[in-house]
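Raw contents of work.cif, mmCIF, C-alpha atoms:
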data_run
loop_
_atom_site.group_PDB
_atom_site.id
_atom_site.type_symbol
_atom_site.label_atom_id
_atom_site.label_comp_id
_atom_site.auth_asym_id
_atom_site.auth_seq_id
_atom_site.Cartn_x
_atom_site.Cartn_y
_atom_site.Cartn_z
ATOM 1 C CA MET A 1 -59.914 47.330 31.209
ATOM 2 C CA LYS A 2 -63.250 48.407 29.663
ATOM 3 C CA ASP A 3 -61.627 48.772 26.248
ATOM 4 C CA HIS A 4 -60.398 45.170 26.385
ATOM 5 C CA SER A 5 -63.884 43.906 27.369
ATOM 6 C CA VAL A 6 -65.520 45.757 24.488
ATOM 7 C CA ARG A 7 -63.018 44.302 22.004
ATOM 8 C CA THR A 8 -63.596 40.815 23.361
ATOM 9 C CA LEU A 9 -67.353 41.250 23.096
ATOM 10 C CA ILE A 10 -67.100 42.559 19.520
ATOM 11 C CA THR A 11 -64.778 39.675 18.539
ATOM 12 C CA ALA A 12 -67.138 37.117 20.101
ATOM 13 C CA ALA A 13 -70.136 38.644 18.284
ATOM 14 C CA ALA A 14 -68.269 38.598 14.961
ATOM 15 C CA LEU A 15 -67.294 34.941 15.438
ATOM 16 C CA LEU A 16 -70.888 34.073 16.295
ATOM 17 C CA LEU A 17 -72.150 35.757 13.108
ATOM 18 C CA LEU A 18 -69.522 33.998 10.998
ATOM 19 C CA THR A 19 -70.396 30.650 12.560
ATOM 20 C CA ALA A 20 -74.136 31.211 12.029
ATOM 21 C CA SER A 21 -73.481 32.220 8.421
ATOM 22 C CA ALA A 22 -71.327 29.154 7.806
ATOM 23 C CA MET A 23 -73.936 26.906 9.404
ATOM 24 C CA ALA A 24 -76.657 28.366 7.186
ATOM 25 C CA GLN A 25 -74.589 27.394 4.139
ATOM 26 C CA ALA A 26 -73.805 23.829 5.338
ATOM 27 C CA PRO A 27 -76.519 21.396 4.217
ATOM 28 C CA GLN A 28 -77.909 18.685 6.463
ATOM 29 C CA LEU A 29 -77.212 15.392 4.722
ATOM 30 C CA ASN A 30 -79.432 12.360 5.009
ATOM 31 C CA PRO A 31 -77.783 9.020 5.814
ATOM 32 C CA GLY A 32 -76.046 7.690 2.705
ATOM 33 C CA GLU A 33 -75.919 11.032 0.838
ATOM 34 C CA LYS A 34 -72.629 12.292 -0.566
ATOM 35 C CA LEU A 35 -72.077 16.018 -1.077
ATOM 36 C CA GLU A 36 -70.595 17.325 -4.314
ATOM 37 C CA LYS A 37 -69.776 21.034 -4.566
ATOM 38 C CA LEU A 38 -70.393 22.558 -7.984
ATOM 39 C CA GLN A 39 -69.410 25.870 -9.560
ATOM 40 C CA PHE A 40 -71.887 27.787 -11.704
ATOM 41 C CA PRO A 41 -71.206 26.527 -15.240
ATOM 42 C CA ALA A 42 -70.246 28.709 -18.201
ATOM 43 C CA VAL A 43 -71.982 26.232 -20.528
ATOM 44 C CA THR A 44 -74.635 23.563 -19.974
ATOM 45 C CA MET A 45 -73.587 21.038 -17.331
ATOM 46 C CA GLN A 46 -75.104 17.560 -17.092
ATOM 47 C CA LEU A 47 -75.060 15.565 -13.867
ATOM 48 C CA LYS A 48 -75.941 11.884 -13.982
ATOM 49 C CA GLY A 49 -76.524 9.650 -11.021
ATOM 50 C CA TRP A 50 -78.546 7.031 -9.260
ATOM 51 C CA THR A 51 -80.800 7.627 -6.282
ATOM 52 C CA LYS A 52 -81.836 4.870 -3.931
ATOM 53 C CA PHE A 53 -83.645 5.510 -0.643
ATOM 54 C CA GLY A 54 -81.556 8.621 0.063
ATOM 55 C CA ASN A 55 -78.291 7.056 -1.100
ATOM 56 C CA SER A 56 -77.372 9.585 -3.747
ATOM 57 C CA HIS A 57 -75.155 12.497 -4.521
ATOM 58 C CA VAL A 58 -76.519 15.892 -3.501
ATOM 59 C CA TYR A 59 -75.078 19.051 -4.990
ATOM 60 C CA THR A 60 -74.394 22.576 -3.748
ATOM 61 C CA LEU A 61 -74.528 25.269 -6.407
ATOM 62 C CA PRO A 62 -73.440 28.839 -5.590
ATOM 63 C CA VAL A 63 -75.543 31.354 -7.528
ATOM 64 C CA HIS A 64 -75.210 35.122 -7.876
ATOM 65 C CA ALA A 65 -77.765 37.885 -8.271
ATOM 66 C CA GLY A 66 -78.630 38.471 -11.926
ATOM 67 C CA GLN A 67 -77.673 35.017 -13.217
ATOM 68 C CA HIS A 68 -80.368 33.585 -15.477
ATOM 69 C CA MET A 69 -80.584 29.821 -15.552
ATOM 70 C CA LYS A 70 -82.640 26.722 -16.156
ATOM 71 C CA ILE A 71 -82.409 23.467 -14.200
ATOM 72 C CA SER A 72 -84.054 20.375 -15.717
ATOM 73 C CA PHE A 73 -84.529 16.949 -14.153
ATOM 74 C CA ALA A 74 -85.048 13.756 -16.148
ATOM 75 C CA THR A 75 -85.686 10.192 -15.042
ATOM 76 C CA LYS A 76 -87.636 7.202 -16.313
ATOM 77 C CA SER A 77 -88.880 6.464 -12.807
ATOM 78 C CA LYS A 78 -92.155 7.892 -11.578
ATOM 79 C CA PHE A 79 -90.774 7.734 -8.010
ATOM 80 C CA ALA A 80 -87.576 9.800 -8.422
ATOM 81 C CA PHE A 81 -87.693 13.563 -7.917
ATOM 82 C CA LEU A 82 -85.500 16.637 -7.481
ATOM 83 C CA ALA A 83 -85.883 19.212 -4.717
ATOM 84 C CA ILE A 84 -83.998 22.539 -4.661
ATOM 85 C CA PHE A 85 -83.345 24.324 -1.358
ATOM 86 C CA ASP A 86 -81.888 27.765 -0.611
ATOM 87 C CA LEU A 87 -79.248 27.198 2.087
ATOM 88 C CA SER A 88 -79.374 30.833 3.222
ATOM 89 C CA LYS A 89 -82.986 30.401 4.370
ATOM 90 C CA PRO A 90 -83.647 28.978 7.836
ATOM 91 C CA ASP A 91 -86.607 26.817 6.800
ATOM 92 C CA ASP A 92 -86.279 23.273 5.482
ATOM 93 C CA GLU A 93 -88.804 23.763 2.677
ATOM 94 C CA ALA A 94 -87.711 23.307 -0.922
ATOM 95 C CA PHE A 95 -88.542 26.299 -3.120
ATOM 96 C CA PHE A 96 -88.799 23.983 -6.150
ATOM 97 C CA GLY A 97 -89.682 20.310 -6.423
ATOM 98 C CA THR A 98 -90.291 18.222 -9.527
ATOM 99 C CA ASP A 99 -93.009 16.284 -7.711
ATOM 100 C CA GLU A 100 -95.271 19.378 -7.765
ATOM 101 C CA ASP A 101 -93.650 22.002 -10.008
ATOM 102 C CA GLY A 102 -92.788 20.088 -13.202
ATOM 103 C CA THR A 103 -89.470 18.857 -14.551
ATOM 104 C CA SER A 104 -87.722 22.200 -15.132
ATOM 105 C CA PHE A 105 -87.127 25.434 -13.272
ATOM 106 C CA GLU A 106 -86.127 28.680 -14.984
ATOM 107 C CA THR A 107 -85.286 31.818 -13.032
ATOM 108 C CA THR A 108 -83.198 34.931 -12.698
ATOM 109 C CA VAL A 109 -81.415 34.758 -9.350
ATOM 110 C CA LYS A 110 -82.410 37.596 -7.021
ATOM 111 C CA GLU A 111 -79.566 37.399 -4.456
ATOM 112 C CA ASN A 112 -76.207 35.737 -3.904
ATOM 113 C CA THR A 113 -76.733 32.410 -2.154
ATOM 114 C CA THR A 114 -76.070 28.672 -2.368
ATOM 115 C CA TRP A 115 -78.655 26.159 -3.513
ATOM 116 C CA LEU A 116 -78.813 22.503 -2.590
ATOM 117 C CA LEU A 117 -79.959 20.181 -5.403
ATOM 118 C CA ARG A 118 -81.274 16.970 -3.856
ATOM 119 C CA PRO A 119 -82.405 14.109 -6.117
ATOM 120 C CA TYR A 120 -84.387 11.571 -4.117
ATOM 121 C CA TYR A 121 -86.362 8.374 -4.436
ATOM 122 C CA SER A 122 -89.785 8.679 -2.828
ATOM 123 C CA LYS A 123 -90.245 6.518 0.251
ATOM 124 C CA VAL A 124 -94.018 6.981 0.430
ATOM 125 C CA SER A 125 -94.900 5.485 -2.943
ATOM 126 C CA PRO A 126 -95.301 1.758 -3.479
ATOM 127 C CA ARG A 127 -92.550 0.799 -5.885
ATOM 128 C CA ARG A 128 -90.382 -1.959 -7.234
ATOM 129 C CA GLY A 129 -86.684 -1.939 -7.891
ATOM 130 C CA LEU A 130 -83.613 -0.690 -6.151
ATOM 131 C CA GLY A 131 -83.677 2.949 -7.179
ATOM 132 C CA ALA A 132 -83.626 5.083 -10.275
ATOM 133 C CA PRO A 133 -81.160 6.756 -12.616
ATOM 134 C CA PHE A 134 -81.511 10.503 -13.126
ATOM 135 C CA SER A 135 -80.029 13.353 -15.099
ATOM 136 C CA ILE A 136 -79.853 17.031 -14.098
ATOM 137 C CA LEU A 137 -79.115 19.756 -16.675
ATOM 138 C CA ILE A 138 -77.921 23.130 -15.420
ATOM 139 C CA GLU A 139 -78.101 25.666 -18.238
ATOM 140 C CA PRO A 140 -76.854 29.244 -17.948
ATOM 141 C CA LEU A 141 -79.094 31.419 -20.119
ATOM 142 C CA ALA A 142 -78.782 34.894 -21.574
ATOM 143 C CA ALA A 143 -80.435 37.509 -19.408
ATOM 144 C CA PRO A 144 -84.076 37.984 -20.363
ATOM 145 C CA GLN A 145 -84.776 41.015 -22.496
ATOM 146 C CA GLN A 146 -86.620 43.881 -20.865
ATOM 147 C CA PRO A 147 -89.984 44.458 -22.512
ATOM 148 C CA GLN A 148 -89.795 47.161 -25.130
ATOM 149 C CA LYS A 149 -91.917 50.226 -24.557
ATOM 150 C CA PRO A 150 -94.403 50.675 -27.371
ATOM 151 C CA ALA A 151 -93.193 53.303 -29.786
ATOM 152 C CA GLU A 152 -95.057 56.541 -29.492
ATOM 153 C CA LEU A 153 -97.382 57.183 -32.338
ATOM 154 C CA GLU A 154 -95.904 59.681 -34.737
ATOM 155 C CA ARG A 155 -98.101 62.439 -35.953
ATOM 156 C CA PRO A 156 -98.005 63.015 -39.670
ATOM 157 C CA SER A 157 -95.851 65.983 -40.536
ATOM 158 C CA LEU A 158 -96.546 68.602 -43.151
ATOM 159 C CA PHE A 159 -92.839 68.631 -43.928
ATOM 160 C CA PRO A 160 -91.229 65.329 -44.930
ATOM 161 C CA LYS A 161 -87.910 64.431 -43.309
ATOM 162 C CA ALA A 162 -84.803 64.937 -45.391
ATOM 163 C CA PRO A 163 -82.951 61.762 -46.389
ATOM 164 C CA ALA A 164 -79.956 60.872 -44.217
ATOM 165 C CA LYS A 165 -76.587 62.164 -45.426
ATOM 166 C CA GLN A 166 -74.099 59.546 -46.507
#
Would you mind writing the file's structure down as structure tokens?
Amino acid sequence: MKDHSVRTLITAAALLLLTASAMAQAPQLNPGEKLEKLQFPAVTMQLKGWTKFGNSHVYTLPVHAGQHMKISFATKSKFAFLAIFDLSKPDDEAFFGTDEDGTSFETTVKENTTWLLRPYYSKVSPRRGLGAPFSILIEPLAAPQQPQKPAELERPSLFPKAPAKQ
């Protein structure tokens, strides 16, 4: 009887962990948002859309440790922005936002996770119009080169080196 109880407890704990993990990866959508799941691109990917008071597409992007990439946001509106969230983190804070950090983000991913790319139209700014068009570029980049160690200074030799044999 004890063996059955232990198995049940282990199974329940495993299901709880799987559920918590799945919940951490599921983004909370604002009213009017539509979720689009992306795959990490082999070449530059461009997303175009329109954001209006939260009525926009939001995108999930799975990323893997070691991937080097650049994400750029472009819009003609001074009230449209992009926020990027890490869905594996429990907090609701964006780790990058074009309102404070500039229009592009370049990084080497440190761990496997899923990011949420959320374009939005600011509700706190006085504005005119119905929304704003935007463009997001996701560019995979070559891994950054490791800095070269400075070559050691060679001491002059009394005996010149022989030419290489051909």
task: Name the closest residue to Gln46 (chain A) among the candidates A:Phe96, A:Phe85, A:Phe134, A:Phe79; distances are taken between atoms, counting only C-alpha atoms.
output: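 Checking each candidate against Gln46 (chain A), we get A:Phe134 as the closest.
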Listed atoms of region 56-73 of chain A, axis-aligned box, 6 Å per side: centre and edge lengths to one decimal in Å, as lines of an AutoDock Vina configuration file?
center_x = -79.0
center_y = 24.0
center_z = -9.8
size_x = 23.1
size_y = 40.9
size_z = 24.7
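With distances taken over all atoms listed in the file, A:Ile138 is the one residue among A:His64, A:Ile138, A:Asp92, A:Tyr120 lying closest to Ser104 (chain A).
The nearest approach to Lys37 (chain A) among the residues A:Thr107, A:Thr60, A:Ser77, A:Ser122, with only C-alpha atoms taken into account, belongs to A:Thr60.
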message: Using the chain letters and numbers from this file, what does the PyMOL selection byres ((chain A and resi 137) around 12) select? Give the answer as a PyMOL selection string.
response: chain A and resi 40-41+43-49+69-75+82+103-106+117+134-136+138-140
task: Select, counting all atoms listed in the file, all protein, DNA and RNA residues no farther than 9 Å from (-73.7, 36.3, -4.3) in file coordinates, and express the selection as a list in words.
output: Pro62, Val63, His64, Ala65, Glu111, Asn112, Thr113 and Thr114 of chain A
task: Quote the spacing between CA of Ala26 (chain A) and CA of Tyr121 (chain A) in Å to one decimal place.
output: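 Between these atoms lies a distance of 22.2 Å.
You will find CA of Leu35 (chain A) at 5.1 Å from CA of Val58 (chain A).
Here the PyMOL selection byres ((chain A and resi 95) around 8) catches exactly these residues: Ala83, Ile84, Phe85, Asp86, Glu93, Ala94, Phe96 and Gly97 of chain A.
Candidate residues A:Leu29, A:His57, A:Lys52, A:Leu87 were compared for distance to Trp115 (chain A), and the nearest is A:Leu87, using only C-alpha atoms.
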- prompt: Mind telling me what the PyMOL selection byres ((chain A and resi 108) around 7) catches here, as a ChimeraX atom specification?
  reply: /A:66-69,107,109-110
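Take CA of Glu33 (chain A) and CA of Lys76 (chain A): the distance between them is 21.1 Å.
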With the input short on atoms, add N, CA, C and O atoms back to region 31-50 of chain A and write it as a short mmCIF file (atom, residue, chain, number, x, y, z; two decimals), in the frame of the given file.
data_model
loop_
_atom_site.label_atom_id
_atom_site.label_comp_id
_atom_site.auth_asym_id
_atom_site.auth_seq_id
_atom_site.Cartn_x
_atom_site.Cartn_y
_atom_site.Cartn_z
N PRO A 31 -78.69 10.17 5.81
CA PRO A 31 -77.78 9.02 5.81
C PRO A 31 -77.59 8.46 4.40
O PRO A 31 -78.56 8.29 3.67
N GLY A 32 -76.35 8.25 4.02
CA GLY A 32 -76.05 7.69 2.70
C GLY A 32 -75.80 8.73 1.62
O GLY A 32 -75.33 8.39 0.54
N GLU A 33 -76.13 9.99 1.86
CA GLU A 33 -75.92 11.03 0.84
C GLU A 33 -74.45 11.46 0.82
O GLU A 33 -73.79 11.51 1.85
N LYS A 34 -73.99 11.80 -0.38
CA LYS A 34 -72.63 12.29 -0.57
C LYS A 34 -72.73 13.68 -1.19
O LYS A 34 -73.43 13.86 -2.18
N LEU A 35 -72.02 14.63 -0.61
CA LEU A 35 -72.08 16.02 -1.08
C LEU A 35 -71.04 16.26 -2.16
O LEU A 35 -69.88 15.90 -2.02
N GLU A 36 -71.49 16.90 -3.24
CA GLU A 36 -70.60 17.32 -4.31
C GLU A 36 -70.79 18.83 -4.50
O GLU A 36 -71.91 19.28 -4.74
N LYS A 37 -69.70 19.58 -4.41
CA LYS A 37 -69.78 21.03 -4.57
C LYS A 37 -69.54 21.40 -6.02
O LYS A 37 -68.54 20.99 -6.62
N LEU A 38 -70.47 22.14 -6.58
CA LEU A 38 -70.39 22.56 -7.98
C LEU A 38 -70.01 24.03 -8.06
O LEU A 38 -70.14 24.77 -7.08
N GLN A 39 -69.58 24.46 -9.23
CA GLN A 39 -69.41 25.87 -9.56
C GLN A 39 -70.43 26.18 -10.65
O GLN A 39 -70.76 25.32 -11.45
N PHE A 40 -70.92 27.42 -10.68
CA PHE A 40 -71.89 27.79 -11.70
C PHE A 40 -71.23 27.61 -13.07
O PHE A 40 -70.15 28.14 -13.32
N PRO A 41 -71.85 26.85 -13.96
CA PRO A 41 -71.21 26.53 -15.24
C PRO A 41 -71.27 27.68 -16.24
O PRO A 41 -72.20 28.46 -16.25
N ALA A 42 -70.25 27.73 -17.10
CA ALA A 42 -70.25 28.71 -18.20
C ALA A 42 -71.09 28.20 -19.36
O ALA A 42 -71.64 28.98 -20.13
N VAL A 43 -71.16 26.88 -19.50
CA VAL A 43 -71.98 26.23 -20.53
C VAL A 43 -72.83 25.17 -19.83
O VAL A 43 -72.65 24.90 -18.65
N THR A 44 -73.74 24.56 -20.56
CA THR A 44 -74.64 23.56 -19.97
C THR A 44 -73.84 22.44 -19.31
O THR A 44 -72.90 21.91 -19.90
N MET A 45 -74.22 22.12 -18.08
CA MET A 45 -73.59 21.04 -17.33
C MET A 45 -74.62 19.94 -17.12
O MET A 45 -75.77 20.22 -16.78
N GLN A 46 -74.20 18.68 -17.33
CA GLN A 46 -75.10 17.56 -17.09
C GLN A 46 -74.54 16.71 -15.95
O GLN A 46 -73.37 16.35 -15.95
N LEU A 47 -75.40 16.43 -14.98
CA LEU A 47 -75.06 15.56 -13.87
C LEU A 47 -75.87 14.30 -14.02
O LEU A 47 -77.07 14.36 -14.25
N LYS A 48 -75.23 13.15 -13.90
CA LYS A 48 -75.94 11.88 -13.98
C LYS A 48 -75.68 11.12 -12.70
O LYS A 48 -74.58 11.18 -12.14
N GLY A 49 -76.71 10.41 -12.24
CA GLY A 49 -76.52 9.65 -11.02
C GLY A 49 -77.62 8.63 -10.82
O GLY A 49 -78.46 8.41 -11.69
N TRP A 50 -77.60 8.05 -9.65
CA TRP A 50 -78.55 7.03 -9.26
C TRP A 50 -79.00 7.37 -7.85
O TRP A 50 -78.19 7.67 -7.00
#
